[in-house]
Amino acid sequence: MRFYLTTHKRHWVRLTRVPLFLKSEHFAAAVKLDAAQGPYAVDSGGFTELQRHGRWTRTPRQYIGDLRRIWECVGPYDWAAPQDWMCEDLIIHGGTAGPLTFAGTHLSVREHQHRTVANFLELRSLAPELRIIPVLQGRTVPDYEWCAEQYARAGVDLAREPVVGLGSVCRLQSTREGAAIVTAMAARGLRLHGFGFKTLGLERVGHLLASADSAAWSYHARRRPPLPGHTHKNCANCLPYALRWRTRVLSALPTWQQPTLDAA
């Protein structure tokens, strides 16, 4: 399993060889982009787009333009996520969670799945040379099975894809339902990427994933004092803290599923 460290600090690509996961909009807003020293993958920023607006504000062509610039200036990425549609209740129905307000799409789970598959097909037709991955969305195991069938009907053989994203599972990852979803999709022979996986989820189903990403280190750091010798209020934006957290998380995994700490 390759474990990506999720961050909003785009300049970290020149500071570490540890795999990073970064939102495309953080690159798009930059005047100057740094060349990556190690592997990285690109998030489309779908959660934030749908949370704030209840829709995508960037067109597929705009997104492709961003991805091409990132590829050319930062370097080849492992893969980029499509402009998919998450299926969590708050994304669909709207509401509040802590400081976040969700606009709500007010669409059905099926419509979110239709739009996710359609966007992947459009992006791949616009830029077949870019490493854009398909993503499965849903709420239940039958939902994910149905979404996989929609890809098959469109001529996409998910088992032949290098990576298939598994969306809308980050809040279910440590539950029995979440484990059932991961298990069912892995049983199809898919090389899965788990978006937003934390320690409990990795302990439970990490051995079924090809890769995963997490930003939990920042949440963890905000609630603790800074590292000795660090002068900031906390280490929520601190690379040394993030790297220590990642090493600690991976070292705690069962030995039969531990990735290589320095490069995986």
# chains A, B, ... in the order shown; residues from 1 in each chain; ligands from 1
call {"tool": "residues_around", "arguments": {"residues": "Ala179 of chain A", "least_positions_apart": "6", "cutoff": "10 Å", "atoms": "only C-alpha atoms", "output": "list in words"}}
result
Val141, Val169, Leu172, Gln173, Gly201, Arg204, Val205, Gly206 and Leu208 of chain A
call {"tool": "closest_atom_pairs", "arguments": {"of": "segment 31-134 of chain A", "to": "segment 210-232 of chain A", "cutoff": "12 Å", "atoms": "only C-alpha atoms", "output": "JSON lines"}}
result
{"residue": "A:Tyr40", "atom": "CA", "partner": "A:Asp213", "partner_atom": "CA", "distance": 10.6}
{"residue": "A:Ala41", "atom": "CA", "partner": "A:Asp213", "partner_atom": "CA", "distance": 9.6}
{"residue": "A:Val42", "atom": "CA", "partner": "A:Asp213", "partner_atom": "CA", "distance": 10.9}
{"residue": "A:Asp43", "atom": "CA", "partner": "A:Asp213", "partner_atom": "CA", "distance": 10.2}
{"residue": "A:Asp78", "atom": "CA", "partner": "A:Ser211", "partner_atom": "CA", "distance": 11.0}
{"residue": "A:Trp79", "atom": "CA", "partner": "A:Ser211", "partner_atom": "CA", "distance": 11.5}
call {"tool": "write_last_selection", "arguments": {"atoms": "N, CA, C and O atoms", "output": "PDB file, in the first residue's frame"}}
result
ATOM      1  N   TYR A  40       3.521  11.959  -6.064  1.00  0.00           N
ATOM      2  CA  TYR A  40       2.363  12.692  -5.552  1.00  0.00           C
ATOM      3  C   TYR A  40       1.156  12.371  -6.422  1.00  0.00           C
ATOM      4  O   TYR A  40       1.276  11.908  -7.558  1.00  0.00           O
ATOM      5  N   ALA A  41      -0.021  12.607  -5.862  1.00  0.00           N
ATOM      6  CA  ALA A  41      -1.273  12.448  -6.587  1.00  0.00           C
ATOM      7  C   ALA A  41      -2.095  13.713  -6.397  1.00  0.00           C
ATOM      8  O   ALA A  41      -1.844  14.500  -5.472  1.00  0.00           O
ATOM      9  N   VAL A  42      -3.065  13.910  -7.279  1.00  0.00           N
ATOM     10  CA  VAL A  42      -3.822  15.170  -7.305  1.00  0.00           C
ATOM     11  C   VAL A  42      -5.293  14.913  -6.991  1.00  0.00           C
ATOM     12  O   VAL A  42      -5.954  14.097  -7.639  1.00  0.00           O
ATOM     13  N   ASP A  43      -5.783  15.628  -5.999  1.00  0.00           N
ATOM     14  CA  ASP A  43      -7.204  15.587  -5.648  1.00  0.00           C
ATOM     15  C   ASP A  43      -7.922  16.676  -6.421  1.00  0.00           C
ATOM     16  O   ASP A  43      -7.397  17.784  -6.581  1.00  0.00           O
ATOM     17  N   ASP A  78       1.261  10.484  -9.970  1.00  0.00           N
ATOM     18  CA  ASP A  78       0.832   9.084 -10.003  1.00  0.00           C
ATOM     19  C   ASP A  78      -0.523   8.972 -10.690  1.00  0.00           C
ATOM     20  O   ASP A  78      -0.743   8.101 -11.522  1.00  0.00           O
ATOM     21  N   TRP A  79      -1.445   9.858 -10.307  1.00  0.00           N
ATOM     22  CA  TRP A  79      -2.786   9.905 -10.893  1.00  0.00           C
ATOM     23  C   TRP A  79      -3.504  11.143 -10.377  1.00  0.00           C
ATOM     24  O   TRP A  79      -3.050  11.788  -9.426  1.00  0.00           O
TER      25      TRP A  79
END
call {"tool": "select_by_dssp", "arguments": {"residues": "segment 177-207 of chain A", "states": "alpha helix (DSSP H)", "output": "PyMOL selection string"}}
result
chain A and resi 177-186+199-205
call {"tool": "atom_distance", "arguments": {"atom1": "atom CA of Cys87 of chain A", "atom2": "atom CA of Ser168 of chain A"}}
result
5.9 Å
call {"tool": "closest_residue", "arguments": {"among": "A:Ile64, A:Ala97, A:Leu202, A:Ala103", "to": "Pro128 of chain A", "atoms": "only C-alpha atoms"}}
result
A:Ile64
call {"tool": "residues_around", "arguments": {"residues": "Leu50 of chain A", "least_positions_apart": "3", "cutoff": "8 Å", "atoms": "only C-alpha atoms", "output": "number ranges by chain"}}
result
A: 46-47, 53-56, 85, 91, 102-105
call {"tool": "select_by_dssp", "arguments": {"residues": "segment 75-175 of chain A", "states": "strand (DSSP E or B)", "output": "MDAnalysis selection string"}}
result
chainID A and resid 80 95:97 100:102 132 135:136 164:166
call {"tool": "residues_around", "arguments": {"residues": "segment 184-187 of chain A", "least_positions_apart": "2", "cutoff": "12 Å", "atoms": "only C-alpha atoms", "output": "JSON, numbers by chain"}}
result
{"A": [135, 136, 137, 138, 140, 141, 142, 143, 144, 145, 146, 147, 148, 149, 158, 159, 163, 164, 165, 166, 167, 177, 178, 179, 180, 181, 182, 189, 190, 191, 192, 193, 194, 205, 206, 207, 208, 209, 210]}
call {"tool": "residues_around", "arguments": {"residues": "segment 4-17 of chain A", "least_positions_apart": "3", "cutoff": "8 Å", "atoms": "only C-alpha atoms", "output": "CSV table (one decimal) with C-alpha atoms, in the first residue's frame"}}
result
chain,number,residue,atom,x,y,z
A,20,LEU,CA,1.9,13.6,-1.1
A,21,PHE,CA,-1.8,14.2,-1.9
A,22,LEU,CA,-2.7,17.7,-2.9
A,23,LYS,CA,-5.8,19.5,-4.2
A,26,HIS,CA,-3.8,24.9,-4.6
A,27,PHE,CA,-1.6,24.4,-7.7
A,33,LEU,CA,5.1,25.8,-9.2
A,34,ASP,CA,7.9,23.8,-7.7
A,35,ALA,CA,9.1,20.6,-9.2
A,36,ALA,CA,8.3,17.5,-7.1
A,37,GLN,CA,11.1,15.5,-5.5
A,38,GLY,CA,8.9,12.5,-4.9
A,39,PRO,CA,5.6,10.8,-5.9
A,40,TYR,CA,2.4,12.7,-5.6
A,41,ALA,CA,-1.3,12.4,-6.6
A,211,SER,CA,-3.1,3.1,-1.7
A,212,ALA,CA,-4.7,5.6,0.7
A,213,ASP,CA,-4.4,9.2,1.8
A,214,SER,CA,-5.0,11.1,5.0
A,215,ALA,CA,-5.0,14.6,6.4
A,237,ASN,CA,0.9,23.1,9.1
A,239,LEU,CA,6.1,19.1,7.7
A,242,ALA,CA,3.3,15.4,9.5
A,246,ARG,CA,2.9,9.2,9.2
A,262,ASP,CA,10.4,6.0,3.3
A,263,ALA,CA,8.9,5.5,-0.2
A,264,ALA,CA,5.4,4.0,0.0
call {"tool": "atom_distance", "arguments": {"atom1": "atom CA of Arg61 of chain A", "atom2": "atom CA of Val109 of chain A"}}
result
24.8 Å
call {"tool": "atom_distance", "arguments": {"atom1": "atom CA of Arg69 of chain A", "atom2": "atom CA of Cys238 of chain A"}}
result
26.5 Å
call {"tool": "decode", "arguments": {"residues": "segment 173-185 of chain A", "atoms": "all heavy atoms", "output": "mmCIF file, in the first residue's frame"}}
result
data_model
loop_
_atom_site.group_PDB
_atom_site.id
_atom_site.type_symbol
_atom_site.label_atom_id
_atom_site.label_comp_id
_atom_site.auth_asym_id
_atom_site.auth_seq_id
_atom_site.Cartn_x
_atom_site.Cartn_y
_atom_site.Cartn_z
ATOM 1 N N GLN A 173 -15.088 4.180 7.279
ATOM 2 C CA GLN A 173 -13.951 3.276 7.114
ATOM 3 C C GLN A 173 -13.738 2.329 8.284
ATOM 4 O O GLN A 173 -13.306 1.185 8.089
ATOM 5 C CB GLN A 173 -12.680 4.095 6.892
ATOM 6 C CG GLN A 173 -12.379 5.039 8.047
ATOM 7 C CD GLN A 173 -11.204 5.926 7.750
ATOM 8 O OE1 GLN A 173 -10.066 5.578 8.022
ATOM 9 N NE2 GLN A 173 -11.460 7.084 7.184
ATOM 10 N N SER A 174 -14.026 2.777 9.520
ATOM 11 C CA SER A 174 -13.779 1.916 10.680
ATOM 12 C C SER A 174 -15.024 1.134 11.088
ATOM 13 O O SER A 174 -15.015 0.448 12.108
ATOM 14 C CB SER A 174 -13.283 2.758 11.863
ATOM 15 O OG SER A 174 -14.257 3.723 12.226
ATOM 16 N N THR A 175 -16.104 1.223 10.305
ATOM 17 C CA THR A 175 -17.345 0.531 10.633
ATOM 18 C C THR A 175 -17.455 -0.783 9.872
ATOM 19 O O THR A 175 -16.750 -1.024 8.900
ATOM 20 C CB THR A 175 -18.568 1.406 10.288
ATOM 21 O OG1 THR A 175 -18.648 1.542 8.854
ATOM 22 C CG2 THR A 175 -18.449 2.788 10.923
ATOM 23 N N ARG A 176 -18.383 -1.617 10.313
ATOM 24 C CA ARG A 176 -18.617 -2.884 9.619
ATOM 25 C C ARG A 176 -19.093 -2.639 8.194
ATOM 26 O O ARG A 176 -18.705 -3.345 7.264
ATOM 27 C CB ARG A 176 -19.649 -3.698 10.400
ATOM 28 C CG ARG A 176 -19.910 -5.086 9.833
ATOM 29 C CD ARG A 176 -20.838 -5.867 10.735
ATOM 30 N NE ARG A 176 -20.257 -6.035 12.068
ATOM 31 C CZ ARG A 176 -20.907 -6.590 13.092
ATOM 32 N NH1 ARG A 176 -22.143 -7.008 12.946
ATOM 33 N NH2 ARG A 176 -20.312 -6.727 14.264
ATOM 34 N N GLU A 177 -19.945 -1.621 8.021
ATOM 35 C CA GLU A 177 -20.454 -1.300 6.680
ATOM 36 C C GLU A 177 -19.327 -0.856 5.759
ATOM 37 O O GLU A 177 -19.249 -1.262 4.598
ATOM 38 C CB GLU A 177 -21.521 -0.217 6.769
ATOM 39 C CG GLU A 177 -22.156 0.146 5.440
ATOM 40 C CD GLU A 177 -23.199 1.234 5.559
ATOM 41 O OE1 GLU A 177 -23.324 1.829 6.651
ATOM 42 O OE2 GLU A 177 -23.891 1.499 4.564
ATOM 43 N N GLY A 178 -18.434 0.000 6.282
ATOM 44 C CA GLY A 178 -17.306 0.449 5.475
ATOM 45 C C GLY A 178 -16.398 -0.697 5.076
ATOM 46 O O GLY A 178 -15.937 -0.779 3.930
ATOM 47 N N ALA A 179 -16.129 -1.600 6.017
ATOM 48 C CA ALA A 179 -15.290 -2.759 5.714
ATOM 49 C C ALA A 179 -15.943 -3.640 4.658
ATOM 50 O O ALA A 179 -15.256 -4.191 3.783
ATOM 51 C CB ALA A 179 -15.029 -3.560 6.986
ATOM 52 N N ALA A 180 -17.272 -3.757 4.712
ATOM 53 C CA ALA A 180 -17.988 -4.574 3.725
ATOM 54 C C ALA A 180 -17.867 -3.975 2.326
ATOM 55 O O ALA A 180 -17.716 -4.704 1.337
ATOM 56 C CB ALA A 180 -19.460 -4.711 4.120
ATOM 57 N N ILE A 181 -17.925 -2.640 2.239
ATOM 58 C CA ILE A 181 -17.800 -1.973 0.939
ATOM 59 C C ILE A 181 -16.410 -2.206 0.355
ATOM 60 O O ILE A 181 -16.254 -2.581 -0.816
ATOM 61 C CB ILE A 181 -18.084 -0.466 1.082
ATOM 62 C CG1 ILE A 181 -19.567 -0.230 1.415
ATOM 63 C CG2 ILE A 181 -17.706 0.284 -0.199
ATOM 64 C CD1 ILE A 181 -19.884 1.185 1.841
ATOM 65 N N VAL A 182 -15.379 -1.977 1.175
ATOM 66 C CA VAL A 182 -14.004 -2.176 0.701
ATOM 67 C C VAL A 182 -13.791 -3.634 0.287
ATOM 68 O O VAL A 182 -13.215 -3.922 -0.776
ATOM 69 C CB VAL A 182 -12.991 -1.775 1.789
ATOM 70 C CG1 VAL A 182 -11.564 -2.093 1.329
ATOM 71 C CG2 VAL A 182 -13.118 -0.284 2.115
ATOM 72 N N THR A 183 -14.275 -4.552 1.094
ATOM 73 C CA THR A 183 -14.099 -5.976 0.806
ATOM 74 C C THR A 183 -14.791 -6.372 -0.503
ATOM 75 O O THR A 183 -14.226 -7.101 -1.322
ATOM 76 C CB THR A 183 -14.647 -6.826 1.965
ATOM 77 O OG1 THR A 183 -13.955 -6.485 3.175
ATOM 78 C CG2 THR A 183 -14.463 -8.312 1.689
ATOM 79 N N ALA A 184 -16.018 -5.880 -0.692
ATOM 80 C CA ALA A 184 -16.771 -6.222 -1.903
ATOM 81 C C ALA A 184 -16.085 -5.694 -3.151
ATOM 82 O O ALA A 184 -16.017 -6.384 -4.182
ATOM 83 C CB ALA A 184 -18.190 -5.669 -1.806
ATOM 84 N N MET A 185 -15.558 -4.482 -3.093
ATOM 85 C CA MET A 185 -14.903 -3.916 -4.267
ATOM 86 C C MET A 185 -13.533 -4.555 -4.506
ATOM 87 O O MET A 185 -13.127 -4.782 -5.645
ATOM 88 C CB MET A 185 -14.763 -2.393 -4.114
ATOM 89 C CG MET A 185 -16.091 -1.647 -4.068
ATOM 90 S SD MET A 185 -17.096 -1.887 -5.576
ATOM 91 C CE MET A 185 -18.262 -3.147 -5.000
#
